[in-house]
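I have placed the structure first, in the form of structure tokens, so that the comments after it can refer back to it.
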Amino acid sequence: MPSFTTILKASKNIIAVAGAGLSAASGIPTFRGAGGLWRKYDAVGLATPEAFQANPSRVWQFYHYRREKALAAQPNPGHLALAMFSIPSIRHRIAPGSEFTLITQNVDGLSRRALEQIANTHPELADEVRSPSVQDSMLEMHGRVFDVVCTSPECGHREHNTASPICPALAGTEKVFSHDEPEPHIDEADLPRCSRCGSLARPGVVWFGESPWYLGHIEELVAKADLCMVVGTSSTVYPAANYAFDVLENGGNVAVFNVDRSEGDQDVDFLFLGPAEVTLPKALGLQ
């Protein structure tokens, strides 16, 4: 740990790339690990534009399940450690003069809720937490499960919606995925609709085959990063899987925080095996 602490203190341009393992302790299912969603369900049939076009009922039931899991969850110490580290007055005690960006692949909103939790529990930090510099230092590259987007090209309205359920017809259908109950068919007319024009709405996430958000900005951050922390991701979803490798290629340091070994972690500078909610706060000095 002392060697990582030394590198962290000296780093000026720090990024963290977070995946599903960060939210596992909050009760959010992972995708590719033991018991992961993509081991049980076909990702192509649930998380692509083609799947939604072919069977919006099934896809909305899947995302209703994910919305309900996220609504029931709370940020864990891993989320809170990254949120605290994103606050300059806190971070500069650990890494003086540094910049930090969290690049999260998660759509559950828990990292942003961790910031709000800190603002509520530490009123002296509230203004800083809610400042654009802190809010904009979190990049949700795969979108947000609580965003709802109109499918009409003429409209395209996007809004944040945490209603549970988001429409009456989806009530109880989370049990299709949580308890293997039979899948009902829901007519398209009864699925979530755009609040502005009434067209069919879709979940506001980035599906396989779609372009992640902020790619140009992220590439700039990766190019100048001197430290990359990889948290809770198997590094199999591109382009995020390349970021740590690019930082290494550019002469920066990489620290991996994962429960299990993953491909390429033999090449990194620091490997912290164990639950991120335990290893991350300790490594950042934020226990």
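Ordering of the structure tokens sets the chain letters (A, B, ...); residue numbers start at 1 within each chain; ligands are numbered from 1 in the order shown.
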
- Just list the residues in segment 19-218 of chain A DSSP gives strand (DSSP E) on the backbone, as a ChimeraX atom specification. /A:99-104,138-140,143-150,158-160,201-205

Pull the closest atom pair for each residue of segment 177-270 of chain A that gets at most 10 Å from segment 105-108 of chain A, along with the distance in Å to one decimal, counting only C-alpha atoms, ordering rows by chain and then ascending residue number, as a tab-separated table.
residue	atom	partner	partner_atom	distance
A:Gly204	CA	A:Val107	CA	9.0
A:Val205	CA	A:Val107	CA	6.9
A:Val206	CA	A:Val107	CA	8.9
A:Pro212	CA	A:Gln105	CA	9.1
A:Thr233	CA	A:Gln105	CA	8.7
A:Val237	CA	A:Gln105	CA	9.1
A:Ala240	CA	A:Gln105	CA	8.0

Within 8 Å of segment 171-177 of chain A, which residues of segment 8-87 of chain A show up? Give each one with its shortest atom-to-atom distance in Å (one decimal) and the two atoms involved, counting only C-alpha atoms, rows by chain then rising residue number, as JSON lines.
{"residue": "A:Gln61", "atom": "CA", "partner": "A:Thr173", "partner_atom": "CA", "distance": 6.0}
{"residue": "A:Phe62", "atom": "CA", "partner": "A:Phe177", "partner_atom": "CA", "distance": 7.1}
{"residue": "A:His64", "atom": "CA", "partner": "A:Glu174", "partner_atom": "CA", "distance": 6.3}
{"residue": "A:Tyr65", "atom": "CA", "partner": "A:Glu174", "partner_atom": "CA", "distance": 4.2}
{"residue": "A:Arg66", "atom": "CA", "partner": "A:Glu174", "partner_atom": "CA", "distance": 8.0}
{"residue": "A:Glu68", "atom": "CA", "partner": "A:Glu174", "partner_atom": "CA", "distance": 7.4}

- Message: For segment 140-157 of chain A, find every residue with an atom within 10 Å (counting only C-alpha atoms), except residues of its own chain fewer than 4 positions away, and show them as a ChimeraX atom specification.
- Response: /A:18,63-64,66-67,70-71,102-109,111-112,136,161-163,166,192-208,210-215,218,240

Produce a file of the selected residues containing C-alpha atoms, as an mmCIF file, in the first residue's frame.
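Wrote part.cif, looks like this:
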data_model
loop_
_atom_site.group_PDB
_atom_site.id
_atom_site.type_symbol
_atom_site.label_atom_id
_atom_site.label_comp_id
_atom_site.auth_asym_id
_atom_site.auth_seq_id
_atom_site.Cartn_x
_atom_site.Cartn_y
_atom_site.Cartn_z
ATOM 1 C CA ALA A 18 -15.608 1.798 -13.054
ATOM 2 C CA TYR A 63 -35.026 -2.537 -17.754
ATOM 3 C CA HIS A 64 -37.929 -2.261 -15.338
ATOM 4 C CA ARG A 66 -32.912 -3.090 -13.463
ATOM 5 C CA ARG A 67 -34.651 0.151 -12.461
ATOM 6 C CA ALA A 70 -31.289 0.392 -8.627
ATOM 7 C CA LEU A 71 -34.115 2.126 -6.762
ATOM 8 C CA LEU A 102 -14.684 9.119 -12.865
ATOM 9 C CA ILE A 103 -15.563 7.294 -16.071
ATOM 10 C CA THR A 104 -18.311 4.867 -15.158
ATOM 11 C CA GLN A 105 -19.839 2.179 -17.323
ATOM 12 C CA ASN A 106 -22.640 1.759 -14.794
ATOM 13 C CA VAL A 107 -26.125 3.064 -15.533
ATOM 14 C CA ASP A 108 -27.550 2.656 -12.018
ATOM 15 C CA GLY A 109 -26.950 6.257 -10.898
ATOM 16 C CA SER A 111 -22.137 7.149 -8.158
ATOM 17 C CA ARG A 112 -24.099 10.377 -8.600
ATOM 18 C CA ASP A 136 -19.007 17.306 -14.532
ATOM 19 C CA ASN A 161 -37.875 9.512 -14.424
ATOM 20 C CA THR A 162 -37.601 7.476 -11.222
ATOM 21 C CA ALA A 163 -41.265 6.423 -11.055
ATOM 22 C CA ILE A 166 -42.603 3.726 -14.800
ATOM 23 C CA PRO A 192 -43.701 3.843 -21.429
ATOM 24 C CA ARG A 193 -44.545 6.746 -23.717
ATOM 25 C CA CYS A 194 -42.874 10.067 -24.377
ATOM 26 C CA SER A 195 -44.360 12.717 -22.068
ATOM 27 C CA ARG A 196 -44.024 15.310 -24.810
ATOM 28 C CA CYS A 197 -45.341 13.667 -27.998
ATOM 29 C CA GLY A 198 -46.796 10.316 -26.867
ATOM 30 C CA SER A 199 -44.515 8.115 -28.981
ATOM 31 C CA LEU A 200 -42.980 4.903 -27.639
ATOM 32 C CA ALA A 201 -40.122 5.653 -25.235
ATOM 33 C CA ARG A 202 -36.982 3.611 -24.645
ATOM 34 C CA PRO A 203 -34.534 3.311 -21.746
ATOM 35 C CA GLY A 204 -31.883 6.037 -21.843
ATOM 36 C CA VAL A 205 -28.923 3.683 -21.837
ATOM 37 C CA VAL A 206 -26.268 2.961 -24.449
ATOM 38 C CA TRP A 207 -26.953 -0.425 -25.995
ATOM 39 C CA PHE A 208 -24.520 -2.768 -27.701
ATOM 40 C CA GLU A 210 -24.457 2.255 -30.051
ATOM 41 C CA SER A 211 -21.759 4.829 -29.403
ATOM 42 C CA PRO A 212 -20.918 5.560 -25.748
ATOM 43 C CA TRP A 213 -21.182 9.128 -24.518
ATOM 44 C CA TYR A 214 -18.257 11.552 -24.131
ATOM 45 C CA LEU A 215 -15.831 9.484 -26.238
ATOM 46 C CA ILE A 218 -12.572 10.569 -22.500
ATOM 47 C CA ALA A 240 -13.394 1.180 -21.963
#

- Within segment 153-198 of chain A, find each residue whose DSSP state, derived from the backbone, is helix (DSSP H, G or I), and express the selection as number ranges by chain. A: 168-170, 175-178, 188-190

Store the residues picked out above, limited to all heavy atoms, as a compact mmCIF listing (two decimals), in the first residue's frame.
# COMPACT_ATOMS: atom_id res chain seq x y z
N PRO A 168 -48.02 1.50 -15.43
CA PRO A 168 -48.76 0.46 -14.70
C PRO A 168 -48.54 -0.95 -15.24
O PRO A 168 -48.47 -1.92 -14.46
CB PRO A 168 -50.22 0.89 -14.84
CG PRO A 168 -50.16 2.37 -15.04
CD PRO A 168 -48.91 2.62 -15.84
N ALA A 169 -48.41 -1.10 -16.55
CA ALA A 169 -48.31 -2.44 -17.14
C ALA A 169 -47.05 -3.18 -16.72
O ALA A 169 -47.01 -4.42 -16.76
CB ALA A 169 -48.38 -2.34 -18.66
N LEU A 170 -46.02 -2.46 -16.31
CA LEU A 170 -44.76 -3.10 -15.92
C LEU A 170 -44.75 -3.52 -14.46
O LEU A 170 -43.82 -4.24 -14.03
CB LEU A 170 -43.57 -2.17 -16.20
CG LEU A 170 -43.20 -2.00 -17.68
CD1 LEU A 170 -42.21 -0.86 -17.85
CD2 LEU A 170 -42.62 -3.30 -18.24
N LYS A 175 -40.30 -9.71 -11.55
CA LYS A 175 -40.18 -11.11 -11.11
C LYS A 175 -39.88 -12.06 -12.26
O LYS A 175 -39.47 -13.20 -12.03
CB LYS A 175 -41.48 -11.52 -10.40
CG LYS A 175 -41.71 -10.77 -9.09
CD LYS A 175 -43.01 -11.16 -8.43
CE LYS A 175 -43.23 -10.37 -7.15
NZ LYS A 175 -44.52 -10.70 -6.51
N VAL A 176 -40.06 -11.60 -13.50
CA VAL A 176 -39.66 -12.41 -14.66
C VAL A 176 -38.17 -12.71 -14.57
O VAL A 176 -37.71 -13.81 -14.89
CB VAL A 176 -39.99 -11.69 -15.98
CG1 VAL A 176 -39.40 -12.43 -17.18
CG2 VAL A 176 -41.50 -11.52 -16.13
N PHE A 177 -37.39 -11.71 -14.10
CA PHE A 177 -35.94 -11.86 -14.03
C PHE A 177 -35.46 -12.22 -12.64
O PHE A 177 -34.46 -12.90 -12.49
CB PHE A 177 -35.27 -10.57 -14.52
CG PHE A 177 -35.53 -10.31 -15.98
CD1 PHE A 177 -36.60 -9.51 -16.37
CD2 PHE A 177 -34.75 -10.89 -16.95
CE1 PHE A 177 -36.87 -9.29 -17.71
CE2 PHE A 177 -35.01 -10.67 -18.30
CZ PHE A 177 -36.07 -9.88 -18.68
N SER A 178 -36.17 -11.79 -11.60
CA SER A 178 -35.71 -12.07 -10.25
C SER A 178 -36.18 -13.43 -9.74
O SER A 178 -35.51 -14.05 -8.91
CB SER A 178 -36.18 -10.98 -9.28
OG SER A 178 -37.59 -10.93 -9.22
N GLU A 188 -47.61 -2.64 -27.00
CA GLU A 188 -46.77 -1.44 -27.14
C GLU A 188 -47.47 -0.20 -26.62
O GLU A 188 -46.84 0.69 -26.03
CB GLU A 188 -46.36 -1.26 -28.60
CG GLU A 188 -45.36 -0.16 -28.83
CD GLU A 188 -44.86 -0.11 -30.25
OE1 GLU A 188 -44.40 -1.16 -30.76
OE2 GLU A 188 -44.92 0.98 -30.85
N ALA A 189 -48.77 -0.13 -26.79
CA ALA A 189 -49.53 1.04 -26.33
C ALA A 189 -49.47 1.21 -24.83
O ALA A 189 -49.69 2.32 -24.31
CB ALA A 189 -50.98 0.93 -26.79
N ASP A 190 -49.19 0.12 -24.10
CA ASP A 190 -49.16 0.17 -22.64
C ASP A 190 -47.75 0.33 -22.08
O ASP A 190 -47.56 0.39 -20.86
CB ASP A 190 -49.80 -1.09 -22.06
CG ASP A 190 -51.28 -1.19 -22.41
OD1 ASP A 190 -51.93 -0.13 -22.43
OD2 ASP A 190 -51.76 -2.31 -22.65

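Closest approach to Tyr41 of chain A among A:Gly78, A:Ser86, A:Ser23, A:Asp180 is made by A:Asp180 (distances from only C-alpha atoms).
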
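Proximity of A:Asp187, A:Asp265, A:Glu181, A:Asp226 to Asn253 of chain A, computed with only C-alpha atoms, is greatest for A:Asp226.
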
- Task: Point out the residue among A:Gly97, A:Asn120, A:Ile87, A:Glu219 with the least atom-to-atom distance to Val134 of chain A, counting only C-alpha atoms.
- Result: A:Ile87
